[in-house]
Amino acid sequence: MSSGNLMVAATAAAVGASAAAYYLTTKDIQKARPKGSSVANPVTGPRKYLIGGNWKSNGTYEENVERIKVFNKAGPIPDNVEVVICVPYIHIPMVLAQLRSDIEVGAQDCGNNTKDGAFTGEIGAHMLKDIGCTWVIIGHSERREGFGMAGEPEALCAEKCKIALDKGLKVMFAIGEKKEERESGVTMKVCAKQLAPLVKLLEPKDWANVAIAYEPVWAIGTGLTATPEMAQETHADIRKWIKENVSEEVAEAIRIQYGGSMKGENAESLLKQPDIDGGLIGGASLQADFFNVVNGVPK
């Protein structure tokens, strides 16, 4: 099957073509992805870095095709870095067909439905897994806060995370405080409140497929960034909380990403901190600068 036909099939699946046509092409689409490349990084740490990109609600079809072309030409990825791009639902089939194979593809949210049914407007985790996604973001501050609609409470975020894990996805679980909460000195209290419902739902084996994305809300999309020292302090506090409330083993293994306006110019100083294991990148993930973040890991 030609790449053009694969693209037609992928796009048709996204907009509601027959299930038969979709299932005939999913594996072919995955096989047709252009190959990526890696480069050995002599610096190794206790955890593999995780750099996630969040395209949010951005891009026409043509614009995102052009972004993929930029990423496909961006050069090798250090072999101690895992890279994921989370894209709008409608673009997932196209990205799965065209993006280099060493960058994983994920979604920015999923429903709390565990199966098909009367859930108008929802995309279930089982559907994301079926189409080829490997990751999903749960609990992003924009969804917790809401945008012209009710936000998602802590219990719902935890429920979605558990469902996604049970359906075979890996989860970047986002937490973080607002500016007034930071200034009031209750950052860790807020983060603990967001994590506590998750601890009640997850089994020990689940944590291997969870990363925590610490996103200070006051730094998302504002251009403000926590200093490396501020970010490290909170990351260390989160790891300590996981040790005390889950287990020492999970605390040592779990990756904690920083998600407050990380970009190429500040990635290196943030990523060299001992408890910062990657980033969840917003605006910079729409640009070639995303690969400056990927290559900002210690060398």
# chains A, B, ... in the order shown; residues from 1 in each chain; ligands from 1
>>> select_by_dssp(residues="region 49-237 of chain A", states="helix (DSSP H, G or I)", output="PyMOL selection string")
chain A and resi 61-72+89-98+125-131+141-145+154-166+179-183+187-201+204-209+217-219+228-237
>>> residues_around(residues="region 181-197 of chain A", least_positions_apart="6", cutoff="12 Å", atoms="only C-alpha atoms", output="NGL selection string")
:A and (138-141 or 144 or 152-162 or 173-175 or 210-219 or 226 or 230-231 or 233-242 or 244-246)
>>> closest_residue(among="A:Thr225, A:Arg255, A:Pro78, A:Glu249", to="Leu270 (chain A)", atoms="only C-alpha atoms")
A:Thr225
>>> atom_distance(atom1="CA of Asn64 (chain A)", atom2="CA of Gln287 (chain A)")
10.4 Å
>>> select_by_dssp(residues="region 30-272 of chain A", states="strand (DSSP E or B)", output="PyMOL selection string")
chain A and resi 38-39+49-54+77-78+81-86+104-107+135-138+170-175+210-214+255-258
>>> write_last_selection(atoms="C-alpha atoms", output="short mmCIF file (atom, residue, chain, number, x, y, z; two decimals), in the first residue's frame")
data_model
loop_
_atom_site.label_atom_id
_atom_site.label_comp_id
_atom_site.auth_asym_id
_atom_site.auth_seq_id
_atom_site.Cartn_x
_atom_site.Cartn_y
_atom_site.Cartn_z
CA SER A 38 19.58 7.54 18.28
CA VAL A 39 22.96 8.57 19.57
CA TYR A 49 14.56 10.95 30.79
CA LEU A 50 11.00 11.49 29.52
CA ILE A 51 10.38 14.48 27.27
CA GLY A 52 6.71 14.90 26.42
CA GLY A 53 5.27 17.41 23.99
CA ASN A 54 1.72 18.73 24.40
CA ILE A 77 17.67 11.36 19.94
CA PRO A 78 19.99 10.58 22.88
CA VAL A 81 15.74 9.90 26.45
CA GLU A 82 12.18 8.75 25.72
CA VAL A 83 10.21 11.21 23.58
CA VAL A 84 6.41 11.43 23.27
CA ILE A 85 4.18 13.86 21.39
CA CYS A 86 0.58 14.23 22.59
CA GLU A 104 5.85 7.86 20.61
CA VAL A 105 2.38 9.26 20.04
CA GLY A 106 -0.12 10.02 22.78
CA ALA A 107 -3.36 11.84 23.55
CA TRP A 135 0.69 7.52 26.27
CA VAL A 136 -1.98 9.89 27.54
CA ILE A 137 -1.84 13.04 29.66
CA ILE A 138 -4.27 13.03 32.58
CA LYS A 170 1.12 4.85 30.02
CA VAL A 171 0.15 8.06 31.80
CA MET A 172 1.73 11.45 32.40
CA PHE A 173 -0.24 12.48 35.48
CA ALA A 174 -0.11 16.25 35.89
CA ILE A 175 -0.19 18.07 39.21
CA VAL A 210 3.06 6.40 35.45
CA ALA A 211 5.13 9.57 35.23
CA ILE A 212 4.28 12.58 37.37
CA ALA A 213 4.31 15.88 35.50
CA TYR A 214 4.80 18.70 38.00
CA ARG A 255 9.96 9.81 36.63
CA ILE A 256 8.96 13.34 37.62
CA GLN A 257 8.78 15.79 34.72
CA TYR A 258 8.87 19.57 34.97
#
>>> atom_distance(atom1="CA of Cys133 (chain A)", atom2="CA of Met94 (chain A)")
12.0 Å
>>> closest_residue(among="A:Val294, A:Ile131, A:Leu224, A:Leu286", to="Glu63 (chain A)", atoms="only C-alpha atoms")
A:Leu286
>>> atom_distance(atom1="CA of Gly121 (chain A)", atom2="CA of Val95 (chain A)")
21.2 Å
>>> closest_residue(among="A:Asp79, A:Trp207, A:Gly296, A:Ser269", to="Ala40 (chain A)", atoms="only C-alpha atoms")
A:Asp79
>>> closest_residue(among="A:Pro88, A:Pro274, A:Gly59, A:Gly151", to="Gly45 (chain A)", atoms="only C-alpha atoms")
A:Pro274
>>> closest_residue(among="A:Arg100, A:His126, A:Arg67, A:Lys35", to="Asp289 (chain A)", atoms="only C-alpha atoms")
A:Arg67
>>> decode(residues="region 125-152 of chain A", atoms="N, CA, C and O atoms", output="PDB file, in the first residue's frame")
ATOM      1  N   ALA A 125      -9.989   5.279  26.622  1.00  0.00           N
ATOM      2  CA  ALA A 125      -8.594   4.844  26.621  1.00  0.00           C
ATOM      3  C   ALA A 125      -8.405   3.609  25.748  1.00  0.00           C
ATOM      4  O   ALA A 125      -7.372   3.446  25.091  1.00  0.00           O
ATOM      5  N   HIS A 126      -9.411   2.726  25.740  1.00  0.00           N
ATOM      6  CA  HIS A 126      -9.304   1.519  24.925  1.00  0.00           C
ATOM      7  C   HIS A 126      -9.247   1.854  23.441  1.00  0.00           C
ATOM      8  O   HIS A 126      -8.594   1.156  22.663  1.00  0.00           O
ATOM      9  N   MET A 127      -9.902   2.942  23.036  1.00  0.00           N
ATOM     10  CA  MET A 127      -9.869   3.376  21.646  1.00  0.00           C
ATOM     11  C   MET A 127      -8.503   3.957  21.289  1.00  0.00           C
ATOM     12  O   MET A 127      -7.974   3.722  20.197  1.00  0.00           O
ATOM     13  N   LEU A 128      -7.920   4.713  22.214  1.00  0.00           N
ATOM     14  CA  LEU A 128      -6.586   5.271  21.984  1.00  0.00           C
ATOM     15  C   LEU A 128      -5.538   4.168  21.854  1.00  0.00           C
ATOM     16  O   LEU A 128      -4.675   4.208  20.978  1.00  0.00           O
ATOM     17  N   LYS A 129      -5.629   3.184  22.727  1.00  0.00           N
ATOM     18  CA  LYS A 129      -4.708   2.053  22.667  1.00  0.00           C
ATOM     19  C   LYS A 129      -4.868   1.308  21.350  1.00  0.00           C
ATOM     20  O   LYS A 129      -3.880   0.928  20.701  1.00  0.00           O
ATOM     21  N   ASP A 130      -6.102   1.113  20.936  1.00  0.00           N
ATOM     22  CA  ASP A 130      -6.395   0.357  19.724  1.00  0.00           C
ATOM     23  C   ASP A 130      -5.824   1.031  18.477  1.00  0.00           C
ATOM     24  O   ASP A 130      -5.320   0.366  17.572  1.00  0.00           O
ATOM     25  N   ILE A 131      -5.867   2.359  18.441  1.00  0.00           N
ATOM     26  CA  ILE A 131      -5.406   3.054  17.244  1.00  0.00           C
ATOM     27  C   ILE A 131      -3.889   3.168  17.188  1.00  0.00           C
ATOM     28  O   ILE A 131      -3.315   3.466  16.145  1.00  0.00           O
ATOM     29  N   GLY A 132      -3.216   2.946  18.313  1.00  0.00           N
ATOM     30  CA  GLY A 132      -1.760   2.955  18.307  1.00  0.00           C
ATOM     31  C   GLY A 132      -1.098   3.906  19.273  1.00  0.00           C
ATOM     32  O   GLY A 132       0.137   4.002  19.309  1.00  0.00           O
ATOM     33  N   CYS A 133      -1.875   4.643  20.078  1.00  0.00           N
ATOM     34  CA  CYS A 133      -1.276   5.515  21.096  1.00  0.00           C
ATOM     35  C   CYS A 133      -0.634   4.670  22.196  1.00  0.00           C
ATOM     36  O   CYS A 133      -1.113   3.579  22.517  1.00  0.00           O
ATOM     37  N   THR A 134       0.416   5.208  22.786  1.00  0.00           N
ATOM     38  CA  THR A 134       1.062   4.528  23.910  1.00  0.00           C
ATOM     39  C   THR A 134       0.967   5.337  25.205  1.00  0.00           C
ATOM     40  O   THR A 134       1.114   4.769  26.287  1.00  0.00           O
ATOM     41  N   TRP A 135       0.726   6.642  25.105  1.00  0.00           N
ATOM     42  CA  TRP A 135       0.694   7.521  26.267  1.00  0.00           C
ATOM     43  C   TRP A 135      -0.570   8.385  26.252  1.00  0.00           C
ATOM     44  O   TRP A 135      -1.151   8.625  25.195  1.00  0.00           O
ATOM     45  N   VAL A 136      -0.926   8.892  27.421  1.00  0.00           N
ATOM     46  CA  VAL A 136      -1.980   9.894  27.536  1.00  0.00           C
ATOM     47  C   VAL A 136      -1.646  10.806  28.716  1.00  0.00           C
ATOM     48  O   VAL A 136      -1.065  10.365  29.714  1.00  0.00           O
ATOM     49  N   ILE A 137      -1.952  12.081  28.557  1.00  0.00           N
ATOM     50  CA  ILE A 137      -1.844  13.040  29.663  1.00  0.00           C
ATOM     51  C   ILE A 137      -3.166  13.036  30.425  1.00  0.00           C
ATOM     52  O   ILE A 137      -4.233  13.124  29.821  1.00  0.00           O
ATOM     53  N   ILE A 138      -3.081  12.949  31.733  1.00  0.00           N
ATOM     54  CA  ILE A 138      -4.272  13.026  32.581  1.00  0.00           C
ATOM     55  C   ILE A 138      -4.037  14.110  33.638  1.00  0.00           C
ATOM     56  O   ILE A 138      -2.956  14.189  34.224  1.00  0.00           O
ATOM     57  N   GLY A 139      -5.055  14.921  33.871  1.00  0.00           N
ATOM     58  CA  GLY A 139      -4.993  15.887  34.963  1.00  0.00           C
ATOM     59  C   GLY A 139      -4.275  17.179  34.645  1.00  0.00           C
ATOM     60  O   GLY A 139      -3.878  17.900  35.574  1.00  0.00           O
ATOM     61  N   HIS A 140      -4.097  17.503  33.364  1.00  0.00           N
ATOM     62  CA  HIS A 140      -3.456  18.779  33.051  1.00  0.00           C
ATOM     63  C   HIS A 140      -4.225  19.913  33.726  1.00  0.00           C
ATOM     64  O   HIS A 140      -5.452  19.875  33.838  1.00  0.00           O
ATOM     65  N   SER A 141      -3.504  20.922  34.159  1.00  0.00           N
ATOM     66  CA  SER A 141      -4.134  22.006  34.928  1.00  0.00           C
ATOM     67  C   SER A 141      -5.261  22.682  34.154  1.00  0.00           C
ATOM     68  O   SER A 141      -6.242  23.150  34.755  1.00  0.00           O
ATOM     69  N   GLU A 142      -5.145  22.749  32.830  1.00  0.00           N
ATOM     70  CA  GLU A 142      -6.199  23.378  32.044  1.00  0.00           C
ATOM     71  C   GLU A 142      -7.501  22.575  32.117  1.00  0.00           C
ATOM     72  O   GLU A 142      -8.590  23.148  32.045  1.00  0.00           O
ATOM     73  N   ARG A 143      -7.379  21.281  32.280  1.00  0.00           N
ATOM     74  CA  ARG A 143      -8.571  20.441  32.426  1.00  0.00           C
ATOM     75  C   ARG A 143      -9.042  20.432  33.880  1.00  0.00           C
ATOM     76  O   ARG A 143     -10.247  20.389  34.153  1.00  0.00           O
ATOM     77  N   ARG A 144      -8.116  20.460  34.816  1.00  0.00           N
ATOM     78  CA  ARG A 144      -8.521  20.526  36.222  1.00  0.00           C
ATOM     79  C   ARG A 144      -9.258  21.837  36.504  1.00  0.00           C
ATOM     80  O   ARG A 144     -10.234  21.869  37.257  1.00  0.00           O
ATOM     81  N   GLU A 145      -8.786  22.927  35.897  1.00  0.00           N
ATOM     82  CA  GLU A 145      -9.368  24.245  36.142  1.00  0.00           C
ATOM     83  C   GLU A 145     -10.628  24.456  35.309  1.00  0.00           C
ATOM     84  O   GLU A 145     -11.572  25.100  35.756  1.00  0.00           O
ATOM     85  N   GLY A 146     -10.635  23.916  34.085  1.00  0.00           N
ATOM     86  CA  GLY A 146     -11.751  24.136  33.180  1.00  0.00           C
ATOM     87  C   GLY A 146     -11.523  25.372  32.328  1.00  0.00           C
ATOM     88  O   GLY A 146     -10.844  26.315  32.739  1.00  0.00           O
ATOM     89  N   PHE A 147     -12.107  25.379  31.136  1.00  0.00           N
ATOM     90  CA  PHE A 147     -12.003  26.543  30.253  1.00  0.00           C
ATOM     91  C   PHE A 147     -13.386  26.762  29.655  1.00  0.00           C
ATOM     92  O   PHE A 147     -13.764  26.199  28.642  1.00  0.00           O
ATOM     93  N   GLY A 148     -14.164  27.609  30.349  1.00  0.00           N
ATOM     94  CA  GLY A 148     -15.541  27.844  29.952  1.00  0.00           C
ATOM     95  C   GLY A 148     -16.467  26.697  30.305  1.00  0.00           C
ATOM     96  O   GLY A 148     -17.589  26.613  29.816  1.00  0.00           O
ATOM     97  N   MET A 149     -15.977  25.799  31.159  1.00  0.00           N
ATOM     98  CA  MET A 149     -16.802  24.675  31.604  1.00  0.00           C
ATOM     99  C   MET A 149     -16.245  24.215  32.944  1.00  0.00           C
ATOM    100  O   MET A 149     -15.191  24.663  33.387  1.00  0.00           O
ATOM    101  N   ALA A 150     -16.966  23.314  33.589  1.00  0.00           N
ATOM    102  CA  ALA A 150     -16.509  22.825  34.885  1.00  0.00           C
ATOM    103  C   ALA A 150     -15.185  22.088  34.743  1.00  0.00           C
ATOM    104  O   ALA A 150     -14.961  21.363  33.772  1.00  0.00           O
ATOM    105  N   GLY A 151     -14.308  22.280  35.714  1.00  0.00           N
ATOM    106  CA  GLY A 151     -13.042  21.569  35.710  1.00  0.00           C
ATOM    107  C   GLY A 151     -13.191  20.150  36.240  1.00  0.00           C
ATOM    108  O   GLY A 151     -14.245  19.760  36.751  1.00  0.00           O
ATOM    109  N   GLU A 152     -12.124  19.379  36.121  1.00  0.00           N
ATOM    110  CA  GLU A 152     -12.150  17.976  36.537  1.00  0.00           C
ATOM    111  C   GLU A 152     -11.589  17.836  37.953  1.00  0.00           C
ATOM    112  O   GLU A 152     -10.452  18.218  38.207  1.00  0.00           O
TER     113      GLU A 152
END
